file model.pdb (PDB, C-alpha atoms)
ATOM      1  CA  MET W 224     165.418  36.456  73.228
ATOM      2  CA  GLU W 225     162.259  34.880  74.615
ATOM      3  CA  ALA W 226     159.031  36.192  73.123
ATOM      4  CA  ILE W 227     155.977  36.252  75.376
ATOM      5  CA  ILE W 228     152.704  35.589  73.584
ATOM      6  CA  HIS W 229     149.396  35.944  75.408
ATOM      7  CA  ILE W 230     146.663  33.517  74.382
ATOM      8  CA  SER W 231     143.588  34.886  76.096
ATOM      9  CA  GLY W 232     139.859  34.864  75.667
ATOM     10  CA  VAL W 233     137.870  32.410  73.592
ATOM     11  CA  ILE W 234     139.833  30.153  71.234
ATOM     12  CA  GLY W 235     138.509  30.764  67.707
ATOM     13  CA  GLU W 236     135.929  33.101  66.255
ATOM     14  CA  LEU W 237     132.700  32.710  68.205
ATOM     15  CA  GLY W 238     131.495  36.297  68.141
ATOM     16  CA  TYR W 239     132.893  37.247  71.547
ATOM     17  CA  SER W 240     134.790  40.489  71.996
ATOM     18  CA  SER W 241     137.760  38.659  73.516
ATOM     19  CA  GLN W 242     138.957  35.903  71.210
ATOM     20  CA  TYR W 243     142.235  34.449  69.984
ATOM     21  CA  THR W 244     142.501  32.611  66.676
ATOM     22  CA  PHE W 245     145.049  30.568  64.759
ATOM     23  CA  ALA W 246     145.620  33.634  62.578
ATOM     24  CA  SER W 247     146.378  35.659  65.736
ATOM     25  CA  LEU W 248     148.888  33.035  66.867
ATOM     26  CA  ALA W 249     150.625  32.802  63.481
ATOM     27  CA  SER W 250     150.839  36.593  63.266
ATOM     28  CA  ASP W 251     152.238  36.919  66.808
ATOM     29  CA  ILE W 252     154.884  34.248  66.145
ATOM     30  CA  LYS W 253     155.878  35.820  62.822
ATOM     31  CA  GLU W 254     156.217  39.243  64.441
ATOM     32  CA  ALA W 255     158.271  37.827  67.329
ATOM     33  CA  ARG W 256     160.620  36.033  64.921
ATOM     34  CA  GLU W 257     161.124  39.256  62.975
ATOM     35  CA  LYS W 258     162.194  40.861  66.265
ATOM     36  CA  GLY W 259     164.719  38.071  66.903
ATOM     37  CA  ALA W 260     162.836  35.589  69.097
ATOM     38  CA  THR W 261     164.770  32.410  69.840
ATOM     39  CA  SER W 262     162.160  30.889  72.184
ATOM     40  CA  PHE W 263     158.487  31.367  72.989
ATOM     41  CA  LYS W 264     156.534  31.612  76.224
ATOM     42  CA  PHE W 265     152.775  31.276  75.816
ATOM     43  CA  VAL W 266     150.724  32.719  78.671
ATOM     44  CA  ILE W 267     147.326  31.012  78.425
ATOM     45  CA  ASP W 268     144.227  32.536  80.002
ATOM     46  CA  SER W 269     141.239  30.943  78.296
ATOM     47  CA  ASP W 270     137.925  29.273  79.004
ATOM     48  CA  GLY W 271     138.324  27.261  75.788
ATOM     49  CA  GLY W 272     136.499  27.557  72.498
ATOM     50  CA  LEU W 273     136.491  25.836  69.129
ATOM     51  CA  VAL W 274     138.019  22.356  69.150
ATOM     52  CA  ASP W 275     139.354  22.446  65.572
ATOM     53  CA  GLU W 276     140.978  25.837  66.147
ATOM     54  CA  GLY W 277     142.616  24.632  69.352
ATOM     55  CA  PHE W 278     144.061  21.522  67.710
ATOM     56  CA  LEU W 279     145.338  23.626  64.800
ATOM     57  CA  MET W 280     147.061  25.992  67.223
ATOM     58  CA  ALA W 281     148.559  23.103  69.216
ATOM     59  CA  SER W 282     149.862  21.442  66.069
ATOM     60  CA  TYR W 283     151.490  24.687  64.960
ATOM     61  CA  ILE W 284     153.155  25.179  68.355
ATOM     62  CA  GLN W 285     154.469  21.605  68.272
ATOM     63  CA  SER W 286     155.996  22.248  64.843
ATOM     64  CA  LEU W 287     158.068  25.210  66.059
ATOM     65  CA  LYS W 288     161.806  24.598  66.068
ATOM     66  CA  GLU W 289     162.336  27.076  68.921
ATOM     67  CA  PRO W 290     161.862  25.974  72.562
ATOM     68  CA  THR W 291     158.362  26.610  73.909
ATOM     69  CA  THR W 292     156.980  27.092  77.408
ATOM     70  CA  ALA W 293     153.338  27.372  78.439
ATOM     71  CA  VAL W 294     152.257  29.317  81.511
ATOM     72  CA  ALA W 295     148.794  28.496  82.854
ATOM     73  CA  VAL W 296     146.550  31.226  84.174
ATOM     74  CA  ARG W 297     143.171  29.688  83.254
ATOM     75  CA  VAL W 298     143.477  26.683  80.961
ATOM     76  CA  TYR W 299     140.010  25.246  80.424
ATOM     77  CA  SER W 300     138.593  22.909  77.806
ATOM     78  CA  ILE W 301     140.444  23.055  74.445
ATOM     79  CA  ALA W 302     143.038  25.443  75.917
ATOM     80  CA  ASN W 303     144.506  22.340  77.638
ATOM     81  CA  ILE W 304     145.565  20.952  74.270
ATOM     82  CA  ILE W 305     147.489  24.155  73.547
ATOM     83  CA  TYR W 306     149.043  24.063  77.024
ATOM     84  CA  PHE W 307     150.289  20.492  76.579
ATOM     85  CA  ALA W 308     151.654  21.227  73.085
ATOM     86  CA  CYS W 309     154.569  23.153  74.571
ATOM     87  CA  ASP W 310     157.929  21.645  75.514
ATOM     88  CA  LYS W 311     157.698  22.891  79.117
ATOM     89  CA  ARG W 312     154.748  23.852  81.295
ATOM     90  CA  GLU W 313     154.371  26.156  84.298
ATOM     91  CA  SER W 314     151.375  26.997  86.439
TER      92      SER W 314
END

call {"tool": "encode", "arguments": {"input": "model.pdb", "output": "structure tokens"}}
result
Amino acid sequence: MEAIIHISGVIGELGYSSQYTFASLASDIKEAREKGATSFKFVIDSDGGLVDEGFLMASYIQSLKEPTTAVAVRVYSIANIIYFACDKRES
């Protein structure tokens, strides 16, 4: 089963109402695995955000043993690093 995870809003905690953090990503992946995910599709719609948070998220995605695909909606600034961390990319 392919899990679809939406990475949207600002990357990291910057005080915006729409933000996505490393903790959000880890939680979403854990939940998807508990539901039987065998691959991940990350739909990215972000203007960017915190550099350290983006690199942490990219590193975590690269460490996944399951196949990963990134789908670009808006992939600006640090969100590019997350996009390129996946095995496959779509736009």

call {"tool": "resolve_selection", "arguments": {"input": "model.pdb", "expression": "the PyMOL selection byres ((chain W and resi 256-268) around 7)", "output": "CSV table (one decimal) with C-alpha atoms, in the frame of the given file"}}
result
chain,number,residue,atom,x,y,z
W,224,MET,CA,165.4,36.5,73.2
W,225,GLU,CA,162.3,34.9,74.6
W,226,ALA,CA,159.0,36.2,73.1
W,227,ILE,CA,156.0,36.3,75.4
W,228,ILE,CA,152.7,35.6,73.6
W,229,HIS,CA,149.4,35.9,75.4
W,230,ILE,CA,146.7,33.5,74.4
W,231,SER,CA,143.6,34.9,76.1
W,232,GLY,CA,139.9,34.9,75.7
W,252,ILE,CA,154.9,34.2,66.1
W,253,LYS,CA,155.9,35.8,62.8
W,254,GLU,CA,156.2,39.2,64.4
W,255,ALA,CA,158.3,37.8,67.3
W,269,SER,CA,141.2,30.9,78.3
W,289,GLU,CA,162.3,27.1,68.9
W,290,PRO,CA,161.9,26.0,72.6
W,291,THR,CA,158.4,26.6,73.9
W,292,THR,CA,157.0,27.1,77.4
W,293,ALA,CA,153.3,27.4,78.4
W,294,VAL,CA,152.3,29.3,81.5
W,295,ALA,CA,148.8,28.5,82.9
W,296,VAL,CA,146.6,31.2,84.2
W,297,ARG,CA,143.2,29.7,83.3
W,298,VAL,CA,143.5,26.7,81.0

call {"tool": "closest_residue", "arguments": {"input": "model.pdb", "among": "W:Arg312, W:Phe307, W:Ile301, W:Phe245", "to": "Tyr283 of chain W", "atoms": "all atoms listed in the file"}}
result
W:Phe245

call {"tool": "resolve_selection", "arguments": {"input": "model.pdb", "expression": "the PyMOL selection byres ((chain W and resi 233-237) around 9)", "output": "ChimeraX atom specification"}}
result
/W:230-232,238-245,269-277,301-302

call {"tool": "atom_distance", "arguments": {"input": "model.pdb", "atom1": "atom CA of Leu279 of chain W", "atom2": "atom CA of Ser247 of chain W"}}
result
12.1 Å

call {"tool": "closest_residue", "arguments": {"input": "model.pdb", "among": "W:Ser314, W:Tyr299, W:Ala281, W:Ala308", "to": "Ala249 of chain W", "atoms": "all atoms listed in the file"}}
result
W:Ala281

call {"tool": "atom_distance", "arguments": {"input": "model.pdb", "atom1": "atom CA of Ser250 of chain W", "atom2": "atom CA of Cys309 of chain W"}}
result
18.0 Å

call {"tool": "axis_aligned_box", "arguments": {"input": "model.pdb", "around": "segment 306-310 of chain W", "padding_each_side": "5 Å", "output": "lines of an AutoDock Vina configuration file"}}
result
center_x = 153.5
center_y = 22.3
center_z = 75.1
size_x = 18.9
size_y = 13.6
size_z = 13.9
